[in-house]
>>> print(open('input25.cif').read())   # mmCIF, C-alpha atoms
data_model
#
loop_
_atom_site.label_atom_id
_atom_site.label_comp_id
_atom_site.auth_asym_id
_atom_site.auth_seq_id
_atom_site.Cartn_x
_atom_site.Cartn_y
_atom_site.Cartn_z
CA MET A 23 0.00 0.00 0.00
CA SER A 24 1.55 3.31 -1.12
CA THR A 25 1.98 6.35 1.13
CA LYS A 26 -0.36 8.40 -1.06
CA PHE A 27 -3.08 5.80 -0.73
CA LYS A 28 -2.68 5.72 3.07
CA ILE A 29 -3.02 9.53 3.24
CA LEU A 30 -6.19 9.50 1.14
CA ALA A 31 -7.70 6.70 3.24
CA GLY A 32 -6.88 8.59 6.45
CA LEU A 33 -8.49 11.79 5.16
CA LEU A 34 -11.59 9.82 4.17
CA LEU A 35 -11.92 8.25 7.61
CA LEU A 36 -11.32 11.62 9.32
CA SER A 37 -14.01 13.30 7.19
CA LEU A 38 -16.40 10.48 7.98
CA ALA A 39 -15.73 10.79 11.72
CA VAL A 40 -16.32 14.56 11.63
CA LEU A 41 -19.57 14.09 9.69
CA ILE A 42 -20.86 11.48 12.15
CA TYR A 43 -19.95 13.69 15.13
CA MET A 44 -21.70 16.73 13.67
CA GLU A 45 -24.81 14.72 12.80
CA SER A 46 -25.02 13.00 16.19
CA SER A 47 -24.48 16.23 18.15
CA GLU A 48 -27.16 18.14 16.26
CA GLU A 49 -30.42 18.58 18.15
CA ASP A 50 -33.40 16.66 16.82
CA PRO A 51 -36.09 18.84 15.21
CA ILE A 52 -39.39 19.05 17.06
CA ASN A 53 -41.80 16.36 15.94
CA TRP A 54 -45.28 17.83 15.58
CA TYR A 55 -46.94 14.61 14.52
CA ALA A 56 -50.32 14.19 16.26
CA SER A 57 -49.75 10.69 17.64
CA TYR A 58 -51.82 10.85 20.88
CA ASN A 59 -49.81 7.83 21.98
CA LYS A 60 -49.29 7.24 25.70
CA LYS A 61 -45.55 6.63 25.24
CA ASP A 62 -44.81 9.69 23.12
CA LYS A 63 -43.20 12.70 24.80
CA ILE A 64 -43.50 14.79 21.64
CA PRO A 65 -45.82 17.83 21.77
CA TYR A 66 -48.83 15.90 20.46
CA GLY A 67 -48.29 12.77 22.51
CA THR A 68 -50.29 11.95 25.65
CA PHE A 69 -47.47 10.83 27.93
CA VAL A 70 -48.36 13.43 30.60
CA LEU A 71 -52.11 12.75 30.49
CA TYR A 72 -51.69 8.97 30.58
CA ASN A 73 -49.36 9.00 33.58
CA THR A 74 -51.47 11.59 35.40
CA LEU A 75 -54.62 9.49 35.08
CA LYS A 76 -52.82 6.27 35.91
CA GLU A 77 -51.27 7.72 39.07
CA SER A 78 -54.57 9.24 40.19
CA LYS A 79 -56.33 5.86 39.97
CA ALA A 80 -55.72 2.70 41.92
CA SER A 81 -54.30 -0.12 39.82
CA GLU A 82 -57.62 -1.96 39.79
CA LYS A 83 -59.40 1.25 38.66
CA PHE A 84 -57.27 1.80 35.53
CA LYS A 85 -57.40 -0.59 32.59
CA GLU A 86 -55.86 -0.29 29.12
CA ILE A 87 -57.80 -1.61 26.12
CA GLU A 88 -55.84 -2.72 23.07
CA GLN A 89 -58.83 -4.19 21.16
CA PRO A 90 -61.36 -2.30 19.07
CA PRO A 91 -64.34 -1.26 21.24
CA TYR A 92 -66.71 -3.63 19.43
CA GLU A 93 -64.54 -6.67 20.20
CA TYR A 94 -63.87 -5.62 23.78
CA LEU A 95 -67.51 -4.93 24.65
CA ALA A 96 -68.60 -8.13 22.93
CA ASP A 97 -66.33 -10.09 25.30
CA SER A 98 -66.87 -7.84 28.37
CA SER A 99 -70.41 -6.57 28.05
CA ASP A 100 -70.80 -6.54 31.85
CA GLN A 101 -67.78 -4.25 32.33
CA LYS A 102 -68.76 -1.06 34.20
CA GLY A 103 -66.88 2.23 34.09
CA THR A 104 -65.81 5.11 31.84
CA TYR A 105 -64.49 4.39 28.35
CA PHE A 106 -62.00 7.17 27.51
CA PHE A 107 -61.01 8.00 23.92
CA VAL A 108 -58.63 10.73 22.75
CA ASN A 109 -57.30 11.06 19.22
CA ASP A 110 -57.32 13.43 16.27
CA TYR A 111 -60.22 11.62 14.61
CA ILE A 112 -62.14 8.53 15.77
CA ASN A 113 -64.31 7.08 13.05
CA PHE A 114 -66.63 4.64 14.79
CA ASP A 115 -68.56 2.58 12.26
CA GLU A 116 -72.29 1.96 12.69
CA ALA A 117 -72.01 -1.45 14.41
CA GLU A 118 -69.37 -0.18 16.82
CA SER A 119 -71.36 2.96 17.60
CA ILE A 120 -74.47 0.89 18.38
CA LYS A 121 -72.43 -1.38 20.66
CA LEU A 122 -71.04 1.65 22.54
CA LEU A 123 -74.45 3.30 22.88
CA ASP A 124 -75.97 0.09 24.21
CA TRP A 125 -73.14 -0.17 26.76
CA VAL A 126 -73.65 3.46 27.85
CA SER A 127 -77.40 3.00 28.25
CA LYS A 128 -76.71 0.42 30.98
CA GLY A 129 -75.28 3.09 33.30
CA ASN A 130 -71.74 3.68 31.97
CA THR A 131 -69.88 6.76 30.75
CA LEU A 132 -68.39 7.35 27.30
CA TYR A 133 -65.80 10.15 27.16
CA ILE A 134 -64.59 11.09 23.66
CA SER A 135 -62.20 13.86 22.72
CA ALA A 136 -61.72 14.08 18.94
CA ARG A 137 -62.43 16.45 16.06
CA GLY A 138 -64.72 13.85 14.52
CA ILE A 139 -66.35 10.67 15.89
CA GLY A 140 -68.47 9.33 13.05
CA LYS A 141 -72.05 9.99 12.07
CA THR A 142 -74.03 7.39 14.03
CA ILE A 143 -73.42 8.68 17.57
CA LEU A 144 -73.94 12.33 16.59
CA ASP A 145 -77.20 11.54 14.79
CA THR A 146 -78.45 9.49 17.73
CA LEU A 147 -77.78 12.39 20.11
CA SER A 148 -79.22 14.99 17.67
CA LEU A 149 -75.86 16.75 17.45
CA ARG A 150 -74.35 18.49 14.42
CA THR A 151 -70.78 19.70 14.04
CA GLU A 152 -69.19 22.14 11.65
CA ALA A 153 -65.60 23.20 11.00
CA LEU A 154 -64.84 26.78 11.97
CA TYR A 155 -63.48 29.05 9.23
CA ASP A 156 -62.87 32.73 9.86
CA LEU A 157 -61.51 34.40 6.73
CA ASN A 158 -61.03 37.65 8.64
CA ASN A 159 -58.79 35.99 11.19
CA LEU A 160 -55.87 34.01 9.82
CA GLU A 161 -54.63 33.06 13.26
CA ARG A 162 -56.52 30.05 14.59
CA LYS A 163 -55.31 30.06 18.21
CA PRO A 164 -58.24 29.11 20.46
CA LEU A 165 -59.29 30.67 23.74
CA LEU A 166 -61.05 28.09 25.92
CA GLN A 167 -63.39 28.44 28.85
CA LEU A 168 -65.48 26.04 30.95
CA VAL A 169 -69.09 26.93 31.66
CA HIS A 170 -69.61 25.59 35.19
CA PRO A 171 -69.22 28.43 37.73
CA ASP A 172 -66.89 26.39 39.94
CA LEU A 173 -64.61 25.63 37.00
CA ARG A 174 -64.79 28.93 35.16
CA THR A 175 -61.74 31.24 35.38
CA THR A 176 -61.40 35.00 34.99
CA ASN A 177 -59.27 34.71 31.88
CA PRO A 178 -59.72 31.97 29.32
CA TYR A 179 -57.07 29.38 28.69
CA VAL A 180 -54.94 29.94 25.58
CA LEU A 181 -53.80 27.25 23.13
CA ASP A 182 -51.04 29.29 21.47
CA ILE A 183 -50.79 27.20 18.34
CA GLU A 184 -52.85 27.28 15.19
CA ILE A 185 -55.09 24.23 14.90
CA GLN A 186 -58.12 23.03 12.99
CA THR A 187 -61.24 23.68 15.03
CA SER A 188 -64.88 22.61 14.88
CA TYR A 189 -67.94 23.23 17.00
CA PHE A 190 -71.50 22.08 17.67
CA ASN A 191 -73.84 24.14 15.53
CA GLU A 192 -76.89 22.13 16.63
CA ILE A 193 -77.65 20.38 19.94
CA ASP A 194 -80.60 18.78 21.72
CA THR A 195 -81.24 21.37 24.41
CA LEU A 196 -83.45 19.01 26.43
CA GLN A 197 -80.83 16.28 26.86
CA THR A 198 -77.53 18.08 26.23
CA VAL A 199 -75.64 20.20 28.77
CA VAL A 200 -72.95 22.60 27.52
CA LEU A 201 -69.71 22.20 29.44
CA GLY A 202 -67.32 24.43 27.51
CA ALA A 203 -66.92 26.93 24.68
CA TYR A 204 -64.09 28.58 22.77
CA ASP A 205 -63.33 31.47 20.48
CA LEU A 206 -60.35 32.38 18.27
CA THR A 207 -57.91 35.11 19.24
CA LYS A 208 -58.53 38.44 17.56
CA ASP A 209 -56.12 40.80 15.87
CA ASN A 210 -56.47 43.25 18.76
CA ASP A 211 -54.97 40.65 21.15
CA THR A 212 -58.03 40.77 23.38
CA LEU A 213 -58.04 37.62 25.53
CA SER A 214 -61.80 37.33 25.83
CA ILE A 215 -64.40 35.10 24.27
CA GLU A 216 -66.70 37.36 22.25
CA GLU A 217 -68.37 34.80 19.98
CA PRO A 218 -68.43 31.50 21.88
CA LYS A 219 -68.48 28.24 19.93
CA LEU A 220 -69.65 25.11 21.77
CA HIS A 221 -67.11 22.32 21.74
CA PHE A 222 -67.64 20.46 25.04
CA VAL A 223 -71.00 18.87 25.91
CA ARG A 224 -72.56 16.19 28.12
CA HIS A 225 -75.57 14.14 27.06
CA ARG A 226 -77.71 11.78 29.12
CA PHE A 227 -78.32 8.53 27.29
CA GLY A 228 -80.40 5.86 28.96
CA GLU A 229 -78.93 5.36 32.41
CA GLY A 230 -75.47 6.51 31.30
CA THR A 231 -73.64 9.60 30.09
CA ILE A 232 -71.83 10.56 26.89
CA ILE A 233 -69.25 13.36 27.05
CA ILE A 234 -67.90 14.75 23.77
CA HIS A 235 -64.99 17.18 23.50
CA LEU A 236 -64.11 18.43 19.99
CA MET A 237 -60.60 19.70 20.78
CA PRO A 238 -58.28 16.79 21.67
CA ASP A 239 -55.31 19.18 21.63
CA VAL A 240 -56.04 20.10 25.27
CA PHE A 241 -55.07 16.58 26.37
CA THR A 242 -51.63 16.65 24.72
CA ASN A 243 -48.25 17.22 26.33
CA TYR A 244 -47.88 20.61 24.63
CA PHE A 245 -51.07 22.09 26.08
CA MET A 246 -50.80 20.59 29.57
CA LEU A 247 -47.23 21.80 30.11
CA ARG A 248 -47.84 25.40 28.97
CA GLU A 249 -48.25 27.80 31.90
CA ASN A 250 -51.40 26.87 33.89
CA ASN A 251 -53.21 25.04 31.08
CA TYR A 252 -53.05 21.81 33.06
CA ALA A 253 -55.85 23.27 35.20
CA TYR A 254 -58.20 23.27 32.21
CA THR A 255 -57.43 19.61 31.43
CA GLU A 256 -57.84 18.73 35.08
CA SER A 257 -61.24 20.46 35.19
CA ALA A 258 -62.37 18.81 31.95
CA LEU A 259 -61.56 15.41 33.46
CA ARG A 260 -63.63 16.09 36.58
CA TYR A 261 -66.71 14.96 34.69
CA ILE A 262 -65.38 11.40 34.86
CA PRO A 263 -66.99 9.71 37.89
CA GLU A 264 -64.27 9.06 40.48
CA GLU A 265 -65.69 5.68 41.48
CA ASP A 266 -65.62 4.38 37.89
CA ILE A 267 -63.02 2.10 36.41
CA LEU A 268 -61.26 4.12 33.68
CA LEU A 269 -60.92 2.19 30.40
CA TRP A 270 -58.07 3.85 28.47
CA ASP A 271 -58.31 3.19 24.72
CA ASN A 272 -55.05 2.28 22.93
CA HIS A 273 -56.67 1.16 19.68
CA TYR A 274 -57.80 4.44 18.13
CA LYS A 275 -54.43 6.20 18.11
CA ASN A 276 -52.63 7.83 15.18
CA GLY A 277 -49.32 6.86 16.73
CA LYS A 278 -50.19 3.22 17.24
CA THR A 279 -47.25 1.23 15.86
CA ILE A 280 -46.54 -2.42 15.48
CA GLN A 281 -42.82 -3.16 15.44
CA THR A 282 -41.85 -6.16 13.31
CA SER A 283 -38.07 -5.84 13.41
CA PRO A 284 -35.73 -5.89 16.42
CA LEU A 285 -33.69 -3.13 14.73
CA TYR A 286 -36.28 -0.56 15.89
CA LEU A 287 -34.53 -0.64 19.30
CA LEU A 288 -31.37 0.64 17.59
CA PHE A 289 -33.04 3.20 15.35
CA LYS A 290 -35.20 4.55 18.18
CA ASN A 291 -32.08 5.81 19.99
CA LYS A 292 -30.03 8.40 18.11
CA TYR A 293 -26.67 7.28 19.51
CA LEU A 294 -27.29 3.58 18.95
CA LYS A 295 -28.44 4.34 15.42
CA TRP A 296 -25.22 6.18 14.55
CA ALA A 297 -23.13 3.50 16.24
CA TYR A 298 -24.86 0.95 13.99
CA TYR A 299 -24.17 3.03 10.89
CA THR A 300 -20.54 3.49 11.92
CA LEU A 301 -20.14 -0.26 12.39
CA LEU A 302 -21.58 -0.96 8.92
CA ILE A 303 -19.32 1.64 7.27
CA GLY A 304 -16.29 0.26 9.14
CA VAL A 305 -17.05 -3.29 7.99
CA VAL A 306 -17.36 -2.14 4.36
CA LEU A 307 -14.07 -0.24 4.53
CA TRP A 308 -12.31 -3.19 6.18
CA VAL A 309 -13.52 -5.60 3.50
CA PHE A 310 -12.44 -3.17 0.76
CA PHE A 311 -8.92 -2.47 2.05
CA GLU A 312 -8.26 -5.96 3.39
CA GLY A 313 -9.39 -7.58 0.16
CA LYS A 314 -7.29 -5.22 -1.95
CA ARG A 315 -4.19 -5.87 0.17
CA LYS A 316 -4.39 -9.67 0.01
CA GLN A 317 -5.75 -10.24 -3.49
CA ARG A 318 -3.26 -12.00 -5.79
CA ALA A 319 -3.52 -13.41 -9.29
CA ILE A 320 -4.21 -17.14 -9.23
CA PRO A 321 -2.09 -19.02 -11.80
CA ILE A 322 -3.87 -21.36 -14.19
CA ILE A 323 -2.71 -24.97 -13.80
CA ASP A 324 -3.43 -27.22 -16.73
CA PRO A 325 -4.89 -30.60 -15.78
CA LEU A 326 -2.78 -33.69 -16.30
CA PRO A 327 -3.32 -35.16 -19.79
CA ASN A 328 -5.22 -38.44 -20.08
CA GLN A 329 -2.65 -41.02 -21.24
CA THR A 330 -5.05 -43.95 -21.20
CA ILE A 331 -5.83 -43.81 -24.93
CA ALA A 332 -2.16 -43.46 -25.88
CA PHE A 333 -1.25 -46.37 -23.62
CA THR A 334 -4.01 -48.49 -25.15
CA LYS A 335 -2.84 -47.66 -28.67
CA THR A 336 0.72 -48.63 -27.74
CA ILE A 337 -0.30 -52.01 -26.32
CA ALA A 338 -2.60 -52.66 -29.28
CA GLY A 339 0.24 -51.85 -31.66
CA MET A 340 2.51 -54.33 -29.89
CA TYR A 341 -0.08 -57.12 -30.32
CA LEU A 342 -0.63 -56.21 -33.96
CA GLU A 343 3.09 -56.34 -34.69
CA LYS A 344 3.23 -59.84 -33.23
CA GLY A 345 0.08 -60.86 -35.13
CA ASP A 346 -1.56 -62.01 -31.84
CA HIS A 347 -5.15 -61.34 -32.90
CA LYS A 348 -6.53 -63.70 -30.28
CA SER A 349 -5.14 -61.65 -27.33
CA ILE A 350 -6.55 -58.45 -28.77
CA ALA A 351 -9.95 -60.10 -29.22
CA LEU A 352 -9.95 -61.39 -25.63
CA HIS A 353 -9.10 -57.91 -24.28
CA GLN A 354 -11.85 -56.42 -26.39
CA ILE A 355 -14.35 -59.04 -25.20
CA ASN A 356 -13.39 -58.47 -21.53
CA HIS A 357 -13.76 -54.71 -21.99
CA PHE A 358 -17.19 -55.20 -23.57
CA MET A 359 -18.32 -57.45 -20.71
CA GLU A 360 -17.19 -54.82 -18.18
CA HIS A 361 -19.19 -52.29 -20.15
CA ILE A 362 -22.30 -54.49 -19.84
CA ARG A 363 -21.83 -54.92 -16.08
CA SER A 364 -21.26 -51.22 -15.38
CA GLU A 365 -23.69 -49.71 -17.89
CA TYR A 366 -26.63 -52.12 -17.65
CA ALA A 367 -26.00 -53.82 -14.27
CA ILE A 368 -26.30 -57.28 -15.81
CA PRO A 369 -24.09 -60.17 -14.62
CA THR A 370 -22.07 -61.68 -17.50
CA ALA A 371 -21.17 -65.09 -16.02
CA ASP A 372 -24.21 -66.78 -17.59
CA ARG A 373 -24.72 -65.75 -21.22
CA GLY A 374 -27.82 -67.82 -21.90
CA LEU A 375 -31.18 -66.82 -23.36
CA ASN A 376 -32.26 -64.87 -20.26
CA PHE A 377 -29.02 -62.81 -20.42
CA ILE A 378 -29.63 -62.05 -24.12
CA GLU A 379 -33.23 -60.91 -23.48
CA ARG A 380 -32.24 -58.58 -20.60
CA LEU A 381 -29.31 -57.12 -22.54
CA ALA A 382 -31.41 -56.54 -25.66
CA SER A 383 -34.14 -54.84 -23.56
CA LYS A 384 -31.77 -52.49 -21.70
CA SER A 385 -29.60 -51.62 -24.71
CA ASN A 386 -32.49 -51.03 -27.14
CA ASN A 387 -31.07 -53.67 -29.54
CA THR A 388 -33.12 -56.47 -31.06
CA GLN A 389 -32.81 -59.92 -29.61
CA GLU A 390 -31.62 -61.17 -33.01
CA ASP A 391 -28.71 -58.69 -33.18
CA THR A 392 -27.88 -59.27 -29.53
CA LYS A 393 -27.88 -63.09 -29.94
CA LYS A 394 -25.75 -62.76 -33.08
CA LEU A 395 -23.15 -60.69 -31.15
CA ILE A 396 -23.05 -63.01 -28.12
CA ASP A 397 -22.83 -66.12 -30.29
CA TYR A 398 -19.95 -64.58 -32.23
CA ILE A 399 -18.18 -63.60 -28.99
CA THR A 400 -18.57 -67.19 -27.76
CA SER A 401 -17.15 -68.61 -30.98
CA ILE A 402 -14.19 -66.22 -30.97
CA SER A 403 -13.47 -67.05 -27.31
CA GLN A 404 -13.32 -70.77 -28.14
CA LYS A 405 -11.35 -70.44 -31.41
CA TYR A 406 -7.59 -70.23 -31.70
CA PRO A 407 -6.02 -68.69 -33.63
CA ILE A 408 -8.24 -66.09 -35.28
CA THR A 409 -7.64 -64.07 -38.37
CA LYS A 410 -7.37 -60.34 -38.74
CA GLU A 411 -10.71 -60.31 -40.61
CA GLU A 412 -12.42 -62.07 -37.69
CA LEU A 413 -10.95 -59.51 -35.24
CA LEU A 414 -12.23 -56.65 -37.38
CA LYS A 415 -15.69 -58.24 -37.58
CA LEU A 416 -15.76 -58.57 -33.78
CA ASN A 417 -14.88 -54.91 -33.39
CA LYS A 418 -17.51 -53.91 -35.96
CA LEU A 419 -20.27 -55.87 -34.19
CA ILE A 420 -19.39 -54.44 -30.77
CA GLU A 421 -19.29 -50.83 -32.04
CA ALA A 422 -22.60 -51.28 -33.85
CA PHE A 423 -24.15 -52.63 -30.63
CA LYS A 424 -22.94 -49.68 -28.56
CA THR A 425 -24.12 -47.01 -30.95
CA LEU A 426 -27.82 -47.82 -30.40
#
>>> encode(input="input25.cif", output="structure tokens")
Amino acid sequence: MSTKFKILAGLLLLSLAVLIYMESSEEDPINWYASYNKKDKIPYGTFVLYNTLKESKASEKFKEIEQPPYEYLADSSDQKGTYFFVNDYINFDEAESIKLLDWVSKGNTLYISARGIGKTILDTLSLRTEALYDLNNLERKPLLQLVHPDLRTTNPYVLDIEIQTSYFNEIDTLQTVVLGAYDLTKDNDTLSIEEPKLHFVRHRFGEGTIIIHLMPDVFTNYFMLRENNYAYTESALRYIPEEDILLWDNHYKNGKTIQTSPLYLLFKNKYLKWAYYTLLIGVVLWVFFEGKRKQRAIPIIDPLPNQTIAFTKTIAGMYLEKGDHKSIALHQINHFMEHIRSEYAIPTADRGLNFIERLASKSNNTQEDTKKLIDYITSISQKYPITKEELLKLNKLIEAFKTL
């Protein structure tokens, strides 16, 4: 390996090390994905909410549900408590909605926080929702307030991030109780709700209760950890009966993931991920340089020539010079018999009619030609001496037999 090549390789490795260091030391960008997953500490995860609820409940009063609601309630129809859902959108189908409504009517509570929950439940409760668009106000930062006097604050809570909002534009005033309203911040920075939009309601259904909250953002890490916003979330959760078992839904989550590869443990951690990449790059470089250092041209060695044919021709020539046609014929007959034993697996000790039939069948020759050849071989074996013409005839018969 030349000195120039070593210098270039060293510079390459140094550049690679600097690149890896700069990449690994750079801060990760903020992930704004709305996962609503209990394990996510990103702004739109529910790590804080999940642990707050779990710590506030005894272990037997907090249960996580991994199944779809329809499957869970079909297997646990006698389960009592509060079924809690929070996600960006929760699209219950008709069968699932009917199963949930039937469960609520038996004295349970359904708590849903999502921008949309499907048509069946809303139609059953005589509720209508509509997305809020204000062309005169490009900033969509909500101001939130609870209606109950004991929960209402002097100043509304502020969600200082632009989000998509919706509200109830039609409710059943006989069965529905308004729990909260919101408005969007104005250009004059006035922190007051001037045109309230209903987004938080409670509806009696049978012997149970359905609570619907159209702004799931208030249950995320970002909202709960900003100033005193946790107080709003805490107040919104007070409508969950304390004595109920809380059923936390893990099925309807944007951030629900199913890991199929063990490598996710490496890629989940930034430092392990770069260590893995460094190892792969190091292995490739080692194979490249090590292979180039040890590779040598492999000389071509010619195989040993086959001298069997030349040896046979020499021996045959010696017999021909002596005129010993009988010896040549015997050698040829022995070679032919060995051919029969190895090629057709037929014993050659008994050369009777059965032998001729088997040999003719396996060699695709007629019995007449086969019998003619065997009879001639027998006569040559018993005759001494033989002429050159008889030797040539023997050779001709054997070659004709083999060619079929």
>>> closest_residue(input="input25.cif", among="A:Leu307, A:Leu149, A:Ala371, A:Ile350", to="Leu196 (chain A)", atoms="only C-alpha atoms")
A:Leu149
>>> residues_around(input="input25.cif", residues="Lys60 (chain A)", least_positions_apart="4", cutoff="8 Å", atoms="only C-alpha atoms", output="list in words")
Gly67, Thr68, Phe69, Val70, Leu71 and Tyr72 of chain A
>>> atom_distance(input="input25.cif", atom1="CA of Leu395 (chain A)", atom2="CA of Leu419 (chain A)")
6.4 Å
>>> resolve_selection(input="input25.cif", expression="the PyMOL selection byres ((chain A and resi 58) around 7)", output="ChimeraX atom specification")
/A:56-57,59-60,66-68,109,242,275-277
>>> atom_distance(input="input25.cif", atom1="CA of Glu86 (chain A)", atom2="CA of Trp270 (chain A)")
4.7 Å
>>> resolve_selection(input="input25.cif", expression="the PyMOL selection byres ((chain A and resi 391) around 12)", output="list of chain:residue names")
A:Ile378, A:Glu379, A:Leu381, A:Ala382, A:Ser383, A:Ser385, A:Asn386, A:Asn387, A:Thr388, A:Gln389, A:Glu390, A:Thr392, A:Lys393, A:Lys394, A:Leu395, A:Ile396, A:Asp397, A:Tyr398, A:Leu419, A:Ile420, A:Ala422, A:Phe423, A:Lys424, A:Leu426
>>> atom_distance(input="input25.cif", atom1="CA of Arg260 (chain A)", atom2="CA of Glu93 (chain A)")
28.1 Å
>>> closest_residue(input="input25.cif", among="A:Leu95, A:Ala80, A:Ala31, A:Ala117", to="Asp266 (chain A)", atoms="all atoms listed in the file")
A:Ala80
>>> residues_around(input="input25.cif", residues="region 126-142 of chain A", least_positions_apart="5", cutoff="8 Å", atoms="all atoms listed in the file", output="ChimeraX atom specification")
/A:102-116,119-120,187-188,227-238,262
>>> residues_near_point(input="input25.cif", point="(-11.4, -58.4, -37.9)", cutoff="12 Å", atoms="only C-alpha atoms", output="PyMOL selection string")
chain A and resi 342+347-348+350-351+354+398+402+408-420
>>> write_last_selection(input="input25.cif", atoms="C-alpha atoms", output="mmCIF file, keeping the file's coordinate frame")
data_model
loop_
_atom_site.group_PDB
_atom_site.id
_atom_site.type_symbol
_atom_site.label_atom_id
_atom_site.label_comp_id
_atom_site.auth_asym_id
_atom_site.auth_seq_id
_atom_site.Cartn_x
_atom_site.Cartn_y
_atom_site.Cartn_z
ATOM 1 C CA LEU A 342 -0.630 -56.210 -33.960
ATOM 2 C CA HIS A 347 -5.150 -61.340 -32.900
ATOM 3 C CA LYS A 348 -6.530 -63.700 -30.280
ATOM 4 C CA ILE A 350 -6.550 -58.450 -28.770
ATOM 5 C CA ALA A 351 -9.950 -60.100 -29.220
ATOM 6 C CA GLN A 354 -11.850 -56.420 -26.390
ATOM 7 C CA TYR A 398 -19.950 -64.580 -32.230
ATOM 8 C CA ILE A 402 -14.190 -66.220 -30.970
ATOM 9 C CA ILE A 408 -8.240 -66.090 -35.280
ATOM 10 C CA THR A 409 -7.640 -64.070 -38.370
ATOM 11 C CA LYS A 410 -7.370 -60.340 -38.740
ATOM 12 C CA GLU A 411 -10.710 -60.310 -40.610
ATOM 13 C CA GLU A 412 -12.420 -62.070 -37.690
ATOM 14 C CA LEU A 413 -10.950 -59.510 -35.240
ATOM 15 C CA LEU A 414 -12.230 -56.650 -37.380
ATOM 16 C CA LYS A 415 -15.690 -58.240 -37.580
ATOM 17 C CA LEU A 416 -15.760 -58.570 -33.780
ATOM 18 C CA ASN A 417 -14.880 -54.910 -33.390
ATOM 19 C CA LYS A 418 -17.510 -53.910 -35.960
ATOM 20 C CA LEU A 419 -20.270 -55.870 -34.190
ATOM 21 C CA ILE A 420 -19.390 -54.440 -30.770
#
>>> closest_residue(input="input25.cif", among="A:Glu249, A:Glu365, A:Asp172, A:Asp346", to="Tyr406 (chain A)", atoms="all atoms listed in the file")
A:Asp346
>>> resolve_selection(input="input25.cif", expression="the PyMOL selection byres ((chain A and resi 222) around 7)", output="ChimeraX atom specification")
/A:200-203,220-221,223,234-236
>>> residues_around(input="input25.cif", residues="Leu288 (chain A)", least_positions_apart="6", cutoff="10 Å", atoms="only C-alpha atoms", output="PyMOL selection string")
chain A and resi 294-298
>>> closest_residue(input="input25.cif", among="A:Leu326, A:Phe377, A:Ile183, A:Pro321", to="Arg248 (chain A)", atoms="all atoms listed in the file")
A:Ile183
>>> residues_around(input="input25.cif", residues="Pro178 (chain A)", least_positions_apart="6", cutoff="12 Å", atoms="only C-alpha atoms", output="ChimeraX atom specification")
/A:164-169,202-207,212-216,218,250-251,253-254
>>> closest_residue(input="input25.cif", among="A:Leu36, A:Leu173, A:Leu375, A:Ile355", to="Ala258 (chain A)", atoms="only C-alpha atoms")
A:Leu173
>>> closest_residue(input="input25.cif", among="A:Arg174, A:Lys219, A:Arg226, A:Lys79", to="Thr195 (chain A)", atoms="all atoms listed in the file")
A:Arg226
